[in-house]
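Asker: Below is the file upload_25.txt, which contains compact mmCIF, C-alpha atoms and all ligand atoms.
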```txt
# COMPACT_ATOMS: atom_id res chain seq x y z
CA MET A 1 99.21 96.99 86.93
CA HIS A 2 102.93 97.09 86.14
CA THR A 3 105.34 98.72 88.55
CA TYR A 4 108.33 100.84 87.58
CA HIS A 5 110.80 102.87 89.55
CA THR A 6 110.13 105.99 87.47
CA PRO A 7 108.12 106.99 84.36
CA LEU A 8 111.47 107.18 82.55
CA ASP A 9 111.98 103.44 83.17
CA LEU A 10 108.53 102.83 81.71
CA VAL A 11 109.41 104.85 78.60
CA ARG A 12 112.66 102.93 78.15
CA GLU A 13 111.10 99.52 78.67
CA ARG A 14 108.05 99.84 76.49
CA SER A 15 107.54 103.20 74.77
CA PRO A 16 103.80 103.15 75.53
CA GLU A 17 101.47 103.94 72.65
CA ARG A 18 98.49 104.93 74.82
CA PRO A 19 98.48 107.65 77.53
CA VAL A 20 99.53 106.24 80.91
CA ALA A 21 98.16 107.36 84.26
CA ILE A 22 101.14 107.16 86.62
CA ALA A 23 99.90 105.95 90.01
CA ARG A 24 101.89 106.82 93.14
CA PRO A 25 100.12 105.04 96.02
CA ASP A 26 102.92 106.09 98.38
CA ALA A 27 101.90 109.73 97.89
CA VAL A 28 98.26 108.89 98.67
CA ALA A 29 99.51 107.15 101.82
CA VAL A 30 101.41 110.23 102.98
CA ALA A 31 98.44 112.54 102.38
CA ALA A 32 96.01 110.12 104.05
CA ARG A 33 98.19 109.82 107.15
CA TRP A 34 98.68 113.59 107.29
CA PHE A 35 94.92 114.22 107.31
CA GLN A 36 94.33 111.46 109.86
CA ASP A 37 96.97 112.98 112.09
CA LYS A 38 96.25 116.70 111.70
CA PHE A 39 92.50 116.94 111.16
CA LYS A 40 90.76 116.70 114.54
CA GLY A 41 87.82 114.67 113.29
CA ASP A 42 86.69 112.19 110.62
CA VAL A 43 88.08 112.29 107.10
CA PHE A 44 85.71 111.37 104.24
CA TYR A 45 87.40 111.06 100.84
CA ALA A 46 85.39 112.77 98.06
CA VAL A 47 85.43 109.93 95.52
CA LYS A 48 84.74 112.12 92.50
CA ALA A 49 88.26 113.62 92.60
CA ASN A 50 89.74 110.28 91.52
CA PRO A 51 87.65 107.10 91.56
CA SER A 52 90.52 104.77 90.57
CA PRO A 53 90.53 101.54 92.59
CA TRP A 54 94.23 101.96 93.46
CA VAL A 55 93.40 105.29 95.13
CA ILE A 56 90.57 103.83 97.20
CA GLU A 57 92.69 100.86 98.22
CA ALA A 58 95.66 103.06 99.20
CA LEU A 59 93.37 105.26 101.31
CA VAL A 60 91.87 102.29 103.13
CA ALA A 61 95.32 100.81 103.74
CA ASN A 62 96.26 104.09 105.39
CA GLY A 63 93.27 104.54 107.64
CA VAL A 64 90.82 106.58 105.55
CA THR A 65 87.70 104.39 105.64
CA SER A 66 84.96 107.00 105.18
CA PHE A 67 83.82 108.14 101.75
CA ASP A 68 81.83 111.06 100.36
CA VAL A 69 79.82 109.67 97.45
CA ALA A 70 77.42 111.33 95.01
CA SER A 71 75.88 108.49 92.97
CA ILE A 72 75.03 104.80 93.06
CA PRO A 73 78.00 103.91 90.79
CA GLU A 74 80.33 105.65 93.29
CA ILE A 75 78.65 103.75 96.13
CA GLU A 76 79.10 100.45 94.28
CA LEU A 77 82.73 101.27 93.58
CA VAL A 78 83.45 101.97 97.26
CA ALA A 79 81.48 98.87 98.33
CA GLU A 80 83.65 96.77 96.02
CA HIS A 81 87.06 98.23 96.87
CA ALA A 82 86.51 99.28 100.48
CA PRO A 83 83.96 96.81 101.84
CA GLY A 84 82.57 97.73 105.24
CA SER A 85 83.54 101.37 104.97
CA ARG A 86 81.27 104.25 105.95
CA MET A 87 79.64 106.28 103.17
CA ALA A 88 77.94 109.67 103.19
CA PHE A 89 75.66 110.54 100.25
CA MET A 90 76.53 114.23 100.06
CA HIS A 91 74.92 115.21 96.76
CA PRO A 92 72.13 117.67 97.66
CA VAL A 93 69.90 116.45 94.77
CA LYS A 94 69.30 112.70 94.43
CA SER A 95 66.75 110.51 92.72
CA ARG A 96 64.30 108.63 94.95
CA ARG A 97 65.58 105.36 93.57
CA ALA A 98 69.19 106.30 94.40
CA ILE A 99 68.22 107.23 97.97
CA SER A 100 66.36 103.92 98.47
CA ALA A 101 69.18 101.85 96.98
CA ALA A 102 71.76 103.66 99.11
CA TYR A 103 69.75 103.15 102.31
CA PHE A 104 68.33 99.66 101.82
CA ASP A 105 71.00 97.96 99.66
CA HIS A 106 74.20 99.65 100.83
CA GLY A 107 73.53 100.69 104.43
CA VAL A 108 74.12 104.39 103.77
CA ARG A 109 72.71 106.45 106.65
CA THR A 110 74.09 109.92 105.96
CA PHE A 111 72.38 112.19 103.43
CA SER A 112 72.73 115.88 102.65
CA PHE A 113 70.14 118.28 101.21
CA ASP A 114 69.54 122.00 100.83
CA THR A 115 65.74 122.17 100.47
CA HIS A 116 62.65 120.98 102.38
CA GLU A 117 61.62 119.12 99.22
CA GLU A 118 64.80 117.04 99.17
CA LEU A 119 64.49 116.32 102.91
CA ALA A 120 60.93 115.08 102.33
CA LYS A 121 62.20 112.92 99.45
CA ILE A 122 64.90 111.38 101.67
CA LEU A 123 62.38 110.58 104.43
CA ASP A 124 59.89 109.14 101.94
CA ALA A 125 62.41 107.04 100.00
CA THR A 126 63.79 105.49 103.22
CA GLY A 127 60.31 104.62 104.56
CA ASN A 128 60.56 107.39 107.17
CA ALA A 129 63.66 105.84 108.67
CA LYS A 130 64.55 107.11 112.11
CA ASP A 131 68.24 106.28 111.98
CA LEU A 132 69.29 108.88 109.42
CA ASN A 133 72.13 111.35 109.75
CA LEU A 134 70.69 114.46 108.13
CA ILE A 135 73.17 117.07 106.95
CA VAL A 136 72.01 120.53 105.89
CA ARG A 137 74.20 121.93 103.11
CA LEU A 138 74.77 125.66 103.52
CA GLY A 139 75.70 128.05 100.76
CA VAL A 140 78.82 129.99 101.76
CA GLN A 141 81.00 132.64 100.19
CA ALA A 142 83.69 131.06 98.01
CA GLU A 143 86.35 133.66 98.60
CA GLY A 144 89.78 132.63 97.45
CA ALA A 145 88.74 129.42 95.67
CA ALA A 146 89.67 128.52 92.11
CA TYR A 147 86.29 126.82 91.64
CA SER A 148 83.17 128.02 93.39
CA LEU A 149 80.69 125.35 94.42
CA ALA A 150 78.30 127.82 96.02
CA GLY A 151 76.23 128.87 93.01
CA LYS A 152 74.63 125.50 92.44
CA PHE A 153 74.08 124.10 95.94
CA GLY A 154 73.58 125.30 99.48
CA VAL A 155 70.65 126.86 101.37
CA ASP A 156 71.00 130.61 101.96
CA ALA A 157 71.42 132.18 105.39
CA HIS A 158 67.79 133.29 105.46
CA GLN A 159 66.30 129.83 104.93
CA ALA A 160 68.94 127.77 106.72
CA PRO A 161 67.45 127.95 110.25
CA GLY A 162 64.07 126.59 109.11
CA LEU A 163 65.71 123.69 107.32
CA MET A 164 67.95 122.92 110.31
CA LEU A 165 64.94 122.81 112.58
CA ALA A 166 63.07 120.49 110.21
CA ALA A 167 66.09 118.18 110.05
CA ARG A 168 66.47 118.18 113.84
CA ARG A 169 62.83 117.09 114.17
CA ALA A 170 63.08 114.44 111.47
CA THR A 171 65.85 112.33 112.97
CA GLN A 172 66.68 110.68 116.25
CA ASP A 173 70.22 110.27 115.03
CA LEU A 174 72.67 112.95 113.94
CA MET A 175 71.73 116.36 112.53
CA GLY A 176 74.55 118.31 111.00
CA VAL A 177 75.66 121.16 108.80
CA SER A 178 78.02 121.07 105.84
CA PHE A 179 79.40 123.49 103.29
CA HIS A 180 82.03 123.62 100.57
CA VAL A 181 84.26 126.69 100.44
CA GLY A 182 85.12 125.99 96.78
CA SER A 183 87.82 123.81 95.26
CA GLN A 184 91.52 124.76 95.44
CA CYS A 185 90.78 127.25 98.21
CA MET A 186 93.81 129.50 98.60
CA ARG A 187 92.63 131.19 101.82
CA PRO A 188 92.69 129.19 105.06
CA THR A 189 90.41 131.74 106.76
CA ALA A 190 87.58 130.79 104.38
CA TYR A 191 86.85 127.79 106.63
CA GLN A 192 86.58 129.83 109.81
CA ALA A 193 84.37 132.38 108.01
CA ALA A 194 82.06 129.61 106.74
CA MET A 195 81.85 128.12 110.24
CA THR A 196 80.83 131.51 111.59
CA GLN A 197 78.01 131.60 109.02
CA ALA A 198 76.95 128.08 110.03
CA SER A 199 77.02 129.02 113.70
CA ARG A 200 74.78 132.05 113.15
CA ALA A 201 72.19 129.91 111.39
CA LEU A 202 72.29 127.32 114.20
CA VAL A 203 71.79 129.99 116.83
CA ARG A 204 68.85 131.43 114.92
CA ALA A 205 67.35 127.95 114.59
CA GLY A 206 67.96 127.33 118.29
CA VAL A 207 69.46 123.87 117.65
CA PHE A 208 72.78 122.21 118.33
CA ALA A 209 74.53 120.41 115.49
CA ASP A 210 75.82 116.88 116.07
CA VAL A 211 78.05 117.11 113.00
CA VAL A 212 79.99 120.01 111.55
CA ASP A 213 81.27 119.00 108.12
CA VAL A 214 83.73 121.50 106.66
CA GLY A 215 83.66 119.86 103.21
CA GLY A 216 86.56 119.80 100.76
CA GLY A 217 88.47 122.58 99.05
CA PHE A 218 91.90 121.89 100.55
CA PRO A 219 94.45 122.94 97.94
CA SER A 220 97.33 121.35 96.12
CA VAL A 221 100.34 123.05 94.56
CA TYR A 222 100.46 124.04 90.87
CA PRO A 223 102.82 126.34 88.96
CA GLY A 224 102.00 129.92 89.91
CA MET A 225 99.57 128.70 92.58
CA VAL A 226 101.43 127.88 95.77
CA PRO A 227 98.95 127.85 98.66
CA PRO A 228 99.63 128.47 102.35
CA ALA A 229 100.65 125.40 104.38
CA LEU A 230 97.87 122.90 105.08
CA ASP A 231 98.54 123.41 108.81
CA ASP A 232 97.11 126.92 108.44
CA TYR A 233 93.85 125.39 107.18
CA MET A 234 93.70 123.08 110.19
CA ASP A 235 94.30 126.05 112.51
CA SER A 236 91.49 128.02 110.87
CA ILE A 237 89.11 125.06 111.28
CA GLU A 238 90.08 124.58 114.91
CA ARG A 239 89.48 128.27 115.64
CA GLY A 240 86.16 128.16 113.80
CA PHE A 241 85.04 125.04 115.66
CA ALA A 242 85.98 126.51 119.05
CA GLU A 243 83.69 129.48 118.36
CA MET A 244 80.70 127.44 117.19
CA MET A 245 77.54 126.69 119.09
CA VAL A 246 78.02 122.95 119.44
CA HIS A 247 77.95 120.45 122.28
CA GLU A 248 80.77 118.32 123.64
CA THR A 249 80.05 115.31 121.48
CA THR A 250 79.67 117.23 118.21
CA GLU A 251 81.67 115.51 115.49
CA LEU A 252 83.92 117.38 113.08
CA TRP A 253 84.08 115.96 109.54
CA CYS A 254 85.89 116.95 106.35
CA GLU A 255 85.59 115.77 102.74
CA PRO A 256 88.91 116.36 100.97
CA GLY A 257 89.19 115.28 97.35
CA ARG A 258 91.97 117.18 95.63
CA ALA A 259 94.36 117.42 98.60
CA LEU A 260 94.44 113.64 99.12
CA VAL A 261 95.19 112.72 95.50
CA ALA A 262 96.38 115.65 93.33
CA GLU A 263 100.08 114.98 93.71
CA ALA A 264 99.72 111.20 93.60
CA SER A 265 99.22 110.89 89.86
CA SER A 266 100.50 112.32 86.61
CA MET A 267 99.89 111.53 82.94
CA LEU A 268 102.56 110.23 80.61
CA VAL A 269 101.59 111.35 77.11
CA LYS A 270 103.18 111.03 73.68
CA VAL A 271 103.89 113.77 71.17
CA GLU A 272 102.30 112.84 67.83
CA LEU A 273 103.29 116.00 65.95
CA LYS A 274 105.01 119.34 66.43
CA LYS A 275 103.62 122.27 64.45
CA GLY A 276 105.25 125.61 65.30
CA ASP A 277 104.76 126.22 69.00
CA ALA A 278 101.97 123.60 69.25
CA LEU A 279 102.38 119.98 70.27
CA TYR A 280 99.69 117.48 69.28
CA LEU A 281 99.41 114.88 72.07
CA ASN A 282 97.69 111.51 72.49
CA ASP A 283 95.66 112.88 75.45
CA GLY A 284 93.68 116.09 75.87
CA SER A 285 90.74 117.93 77.34
CA TYR A 286 88.32 115.06 76.68
CA GLY A 287 90.82 112.75 78.36
CA SER A 288 92.67 113.58 81.57
CA LEU A 289 93.55 117.19 80.73
CA PHE A 290 90.18 118.86 81.24
CA ASP A 291 91.59 121.44 83.67
CA ALA A 292 94.49 122.31 81.37
CA ALA A 293 91.96 123.31 78.70
CA HIS A 294 88.98 124.65 80.59
CA SER A 295 90.74 126.29 83.54
CA LYS A 296 93.91 126.96 81.55
CA TRP A 297 96.02 125.54 84.37
CA PRO A 298 99.71 125.34 83.45
CA PHE A 299 100.53 121.91 84.87
CA PRO A 300 104.22 121.09 85.42
CA VAL A 301 105.89 119.06 82.66
CA LYS A 302 108.96 116.88 82.07
CA LEU A 303 110.28 115.77 78.67
CA MET A 304 111.56 112.24 77.97
CA ARG A 305 112.95 110.56 74.89
CA ALA A 306 113.57 106.90 74.10
CA GLU A 307 116.25 105.91 71.59
CA ASP A 308 118.12 102.66 70.92
CA GLY A 309 116.88 101.02 74.09
CA GLU A 310 117.96 104.00 76.18
CA ALA A 311 115.76 106.70 77.64
CA ALA A 312 116.67 110.13 78.91
CA GLU A 313 115.08 113.10 80.52
CA LEU A 314 115.74 116.24 78.47
CA GLU A 315 116.41 119.67 79.89
CA GLY A 316 117.76 123.01 78.71
CA ASN A 317 116.68 125.96 76.57
CA LEU A 318 113.03 125.91 77.51
CA LYS A 319 110.38 127.34 75.22
CA PRO A 320 106.72 128.13 75.95
CA LEU A 321 104.54 125.67 74.06
CA ARG A 322 100.84 124.90 73.83
CA PHE A 323 99.14 121.54 73.51
CA TYR A 324 96.37 120.10 71.38
CA GLY A 325 94.57 116.89 72.31
CA PRO A 326 93.83 114.05 69.87
CA THR A 327 90.15 114.74 69.10
CA CYS A 328 88.95 116.69 66.05
CA ASP A 329 87.39 119.36 68.26
CA ALA A 330 89.14 122.75 68.24
CA ILE A 331 88.37 123.33 71.93
CA ASP A 332 90.64 120.36 72.68
CA HIS A 333 93.36 122.96 73.21
CA MET A 334 95.52 123.61 76.25
CA PRO A 335 97.15 127.04 76.12
CA GLY A 336 99.62 126.46 78.98
CA PRO A 337 102.19 127.82 78.46
CA PHE A 338 104.09 124.59 79.02
CA TRP A 339 107.82 125.17 79.20
CA LEU A 340 109.69 122.43 77.37
CA PRO A 341 113.09 122.04 75.68
CA GLU A 342 112.81 123.60 72.24
CA ASP A 343 114.02 120.53 70.36
CA VAL A 344 110.99 118.49 71.51
CA ARG A 345 109.83 116.30 68.62
CA GLU A 346 107.43 113.64 67.48
CA GLY A 347 107.74 110.43 69.50
CA ASP A 348 108.90 112.17 72.68
CA TYR A 349 107.05 111.62 75.95
CA ILE A 350 105.84 114.28 78.34
CA GLU A 351 105.00 113.63 81.96
CA ILE A 352 102.32 116.11 83.02
CA GLY A 353 102.33 116.32 86.81
CA MET A 354 99.82 117.06 89.58
CA LEU A 355 96.92 115.39 87.75
CA GLY A 356 95.74 113.02 90.47
CA ALA A 357 92.62 115.10 91.15
CA TYR A 358 90.10 115.73 88.39
CA GLY A 359 92.43 114.12 85.84
CA VAL A 360 91.44 110.57 84.83
CA ALA A 361 88.15 111.27 86.64
CA MET A 362 87.11 113.53 83.75
CA ASN A 363 87.99 111.06 80.97
CA THR A 364 85.53 110.51 78.09
CA ARG A 365 85.87 108.27 75.03
CA PHE A 366 85.00 111.06 72.60
CA ASN A 367 86.26 110.43 69.08
CA GLY A 368 87.63 107.02 70.08
CA PHE A 369 90.39 108.40 72.30
CA GLY A 370 90.85 108.46 76.06
CA ASP A 371 91.72 104.81 76.65
CA ALA A 372 94.51 105.28 79.18
CA GLU A 373 96.35 102.53 81.04
CA THR A 374 97.69 102.76 84.59
CA ALA A 375 101.20 101.99 85.87
CA VAL A 376 102.58 102.29 89.38
CA CYS A 377 105.74 104.32 90.00
CA GLY A 378 107.73 104.57 93.21
CA ASP A 379 109.36 107.97 92.71
CA ALA A 380 108.31 111.29 94.29
CA PRO A 381 105.61 113.52 92.79
CA MET A 382 106.71 116.67 90.93
CA ALA A 383 105.59 118.85 93.84
CA SER A 384 104.07 118.25 97.24
CA MET A 385 102.04 119.82 100.03
CA TYR A 386 103.55 117.20 102.36
CA GLY A 387 107.26 117.79 101.85
CA LEU A 388 107.55 114.81 99.52
CA ALA A 389 109.09 116.41 96.49
CA ARG A 390 112.81 116.26 95.90
CA ARG A 391 112.45 119.44 93.90
CA SER A 392 109.73 122.01 93.59
CA ILE A 393 107.81 122.73 90.42
CA PRO A 394 110.23 123.71 87.64
CA VAL A 395 110.13 127.46 87.13
CA PRO A 396 110.15 128.65 83.52
CA ARG A 397 113.58 129.90 82.60
CA GLN A 398 115.26 130.72 79.36
CA GLU A 399 118.88 129.87 78.80
CA ASN A 400 121.10 130.99 75.99
CA GLU A 401 122.90 127.75 75.57
CA ASN A 402 121.56 125.56 72.81
CA VAL A 403 122.91 122.46 74.42
CA VAL A 404 120.36 119.88 75.44
CA LYS A 405 121.47 118.20 78.60
CA LEU A 406 120.78 114.52 78.89
CA SER A 407 120.48 112.99 82.28
CA ARG A 408 120.75 109.29 81.65
CA ALA A 409 118.15 107.03 83.15
CA ARG A 410 119.43 105.25 86.18
CA GLY A 411 119.94 101.46 86.22
CA LYS A 412 117.35 98.99 85.08
CA LYS A 413 116.34 97.92 88.55
CA ARG A 414 112.60 97.76 88.99
CA ARG A 415 110.82 98.27 92.21
CA ARG A 416 108.22 95.62 92.90
CA ARG A 417 105.43 95.95 95.36
C1 LIG B 501 83.76 117.94 95.08
C2 LIG B 501 83.34 117.85 96.49
C3 LIG B 501 84.30 117.64 97.49
C4 LIG B 501 85.79 117.59 97.22
O1 LIG B 501 86.27 118.85 96.88
P1 LIG B 501 87.85 119.14 96.73
O2 LIG B 501 87.88 120.57 96.35
O3 LIG B 501 88.36 118.23 95.68
O4 LIG B 501 88.47 118.88 98.06
C5 LIG B 501 83.85 117.50 98.79
N1 LIG B 501 82.54 117.58 99.09
C6 LIG B 501 81.58 117.78 98.15
C7 LIG B 501 80.16 117.83 98.56
C8 LIG B 501 81.96 117.94 96.82
O5 LIG B 501 81.01 118.15 95.89
```
What would you get if you wrote out this structure as structure tokens?
Answerer:
Amino acid sequence: MHTYHTPLDLVRERSPERPVAIARPDAVAVAARWFQDKFKGDVFYAVKANPSPWVIEALVANGVTSFDVASIPEIELVAEHAPGSRMAFMHPVKSRRAISAAYFDHGVRTFSFDTHEELAKILDATGNAKDLNLIVRLGVQAEGAAYSLAGKFGVDAHQAPGLMLAARRATQDLMGVSFHVGSQCMRPTAYQAAMTQASRALVRAGVFADVVDVGGGFPSVYPGMVPPALDDYMDSIERGFAEMMVHETTELWCEPGRALVAEASSMLVKVELKKGDALYLNDGSYGSLFDAAHSKWPFPVKLMRAEDGEAAELEGNLKPLRFYGPTCDAIDHMPGPFWLPEDVREGDYIEIGMLGAYGVAMNTRFNGFGDAETAVCGDAPMASMYGLARRSIPVPRQENENVVKLSRARGKKRRRR
């Protein structure tokens, strides 16, 4: 992977033809250290948010050595890039073959489930192993989350106690509870509320949990979606834990995906055509921009232009634009609005920020597109939950001046790592 000081340097040096995933390992490092420091328990990274090797390596280098995995390919990826790390197979529905391979070939001991049938499958596929950590996944209210994860998985309050009891009896190792409050959770109190639900079920079952896993859902910052400080989430979890029926050695776990990686990557895309208020880009909803199309998230953008060996960031007289991706499918459309200088034209580059989570992870090769490269940059992300950003997300504004301001790219010095 090549290293540049900023995406603008990359544009000036090689005007990339393919979309480029901009990797900022320093931002992963800051988020990883923050969670290690502030979360009073073990941090498992949810690999699905961004399975890029550079992410996994940056996490390991900064102390996050536990991983929430959902498939054998994710397990193999972690085994390759973070050998010796601890993995938890937290998908509540797994194939027997996947369970066996995880247990016997990869040393995975932690499995989650939300039915008696899946628990029986786990016991059977591990040869009735006695050293399992069995985690009951509860269904909880997803109040205040952008994406609910409750509809598909999680045992309801009525059936939870029976499943907890069965899990307690099935293992001599750890029995625990987990939940997911929903992704991009905007309400810190959702965690405490979910822990109260978990506690009630434990009391009814008459068992103590050895593990309380509060899942993922920790937010990042997007235009029009500025969440409360992450400290408030930690406070809510601490309050919830203090009120739970647990014993002194009960472990607290979390499984952040988005919050560890969202700000650490952006996409550098090229404008292939301008048609009215629509820009046709070389990346789209079948590439790294799934959320921009399907959730209509207005990601932050920056415009760059390369000319005569120079490159500049363009500002001024912003206009609301929409994007189309490169495939022939009409749903490859991102309504935005994305506020960009009105003289944007073919050949320009756009950096689309805050795409480290559920960006490249969603990439397909539909229609022959989606082949992105990766480059490392040492500058700050466009916005940050960790006080990293030099400026916050640009707010749409309309100016009357027709002048396009050019801020010349700084020197040609490259930062090597
Ligand atoms: C997706 C997922 C996560 C990560 O969720 P974020 O909202 O990205 O933090 C954690 N745990 C489980 C079980 C998941 O499915």
Asker: Have a look at A:Gln141, A:Ser71, A:Thr249, A:Thr196 and name the one nearest to ligand LIG 501 (chain B); count only C-alpha atoms and all ligand atoms.
Answerer: A:Ser71
Asker: Write out as a list in words each polymer residue (protein, DNA or RNA) that has an atom no more than 6 Å from ligand LIG 501 (chain B), with all atoms listed in the file counted.
Answerer: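 Taking all atoms listed in the file into account, the residues around ligand LIG 501 (chain B) at most 6 Å away are Ala46, Ala49, Met90, Ser183, Gln184, Gly215, Gly216, Gly217, Phe218, Glu255, Pro256, Gly257 and Arg258 of chain A.
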Asker: With a distance cut-off of 6 Å and all atoms listed in the file, select the neighbouring residues of range 270-285 of chain A, excluding the residue or stretch itself and same-chain residues fewer than 6 positions from it, and output the selection as a ChimeraX atom specification.
Answerer: /A:293,321-326,332,346-349
Asker: Restricting it to C-alpha atoms, dump the selection as an mmCIF file, keeping the file's coordinate frame.
Answerer:
```cif
data_model
loop_
_atom_site.group_PDB
_atom_site.id
_atom_site.type_symbol
_atom_site.label_atom_id
_atom_site.label_comp_id
_atom_site.auth_asym_id
_atom_site.auth_seq_id
_atom_site.Cartn_x
_atom_site.Cartn_y
_atom_site.Cartn_z
ATOM 1 C CA ALA A 293 91.960 123.310 78.700
ATOM 2 C CA LEU A 321 104.540 125.670 74.060
ATOM 3 C CA ARG A 322 100.840 124.900 73.830
ATOM 4 C CA PHE A 323 99.140 121.540 73.510
ATOM 5 C CA TYR A 324 96.370 120.100 71.380
ATOM 6 C CA GLY A 325 94.570 116.890 72.310
ATOM 7 C CA PRO A 326 93.830 114.050 69.870
ATOM 8 C CA ASP A 332 90.640 120.360 72.680
ATOM 9 C CA GLU A 346 107.430 113.640 67.480
ATOM 10 C CA GLY A 347 107.740 110.430 69.500
ATOM 11 C CA ASP A 348 108.900 112.170 72.680
ATOM 12 C CA TYR A 349 107.050 111.620 75.950
#
```
Asker: Mind pulling up the distance from CA of Leu318 in chain A to CA of Gly336 in chain A?
Answerer: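 Between CA of Gly336 in chain A and CA of Leu318 in chain A the gap is 13.5 Å.
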Asker: Do you know which residues are at most 12 Å from Met186 in chain A counting all atoms listed in the file, after dropping those on the same chain fewer than 2 positions away, and could you put them as JSON, numbers by chain?
Answerer: {"A": [142, 143, 144, 145, 146, 147, 148, 181, 182, 183, 184, 188, 189, 190, 191, 217, 218, 219, 220, 221, 222, 224, 225, 226, 227, 228, 229, 230, 232, 233]}
Asker: So which residues fall inside 12 Å of (62.8, 117.3, 108.1) if we count only C-alpha atoms? Mind giving them as a PyMOL selection string?
Answerer: chain A and resi 111-124+128-130+132-136+161-172+175
Asker: Using only C-alpha atoms, find the one residue out of A:Thr110, A:Gln197, A:Ser295, A:Asn367 that sits nearest to Met334 in chain A.
Answerer: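 Checking each of A:Thr110, A:Gln197, A:Ser295, A:Asn367 against Met334 in chain A, counting only C-alpha atoms, the winner is A:Ser295.
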Asker: Could you check the closest approach to Glu248 in chain A for each of A:Val301, A:Met354, A:Val211, A:Val93 and tell me which residue wins, using all atoms listed in the file?
Answerer: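 Among the listed residues, the smallest separation from Glu248 in chain A belongs to A:Val211.
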Asker: Could you check the closest approach to Ser236 in chain A for each of A:Glu57, A:Val344, A:Ile350, A:Gln192 and tell me which residue wins, using only C-alpha atoms?
Answerer: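 That would be A:Gln192, the residue with the smallest distance to Ser236 in chain A.
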Asker: Show me, as a tab-separated table, the residues of range 308-367 of chain A having an atom within 10 Å of range 20-25 of chain A, each with the closest atom pair and its distance in Å, using only C-alpha atoms.
Answerer:
```
residue	atom	partner	partner_atom	distance
A:Glu351	CA	A:Ile22	CA	8.9
A:Ile352	CA	A:Ile22	CA	9.7
A:Gly353	CA	A:Ile22	CA	9.2
A:Leu355	CA	A:Ala21	CA	8.8
A:Gly356	CA	A:Ala23	CA	8.2
A:Gly359	CA	A:Ala21	CA	9.0
A:Val360	CA	A:Ala21	CA	7.5
```
Asker: For Arg305 in chain A, which residue among A:Glu263, A:Glu76, A:Asp131, A:Asp343 is the nearest when counting all atoms listed in the file?
Answerer: A:Asp343
Asker: Using all atoms listed in the file, determine which residues lie at most 8 Å from Ser199 in chain A, disregarding the query and same-chain residues fewer than 3 positions distant; provide the list as a PyMOL selection string.
Answerer: chain A and resi 195-196+202-203+244-245
Asker: Rank nothing, just name the residue among A:Ala160, A:Ala58, A:Ala262, A:Met267 nearest to Asp26 in chain A, using all atoms listed in the file.
Answerer: A:Ala58
Asker: Hey, can you check how far CA of Pro51 in chain A sits from CA of Glu74 in chain A?
Answerer: 7.7 Å
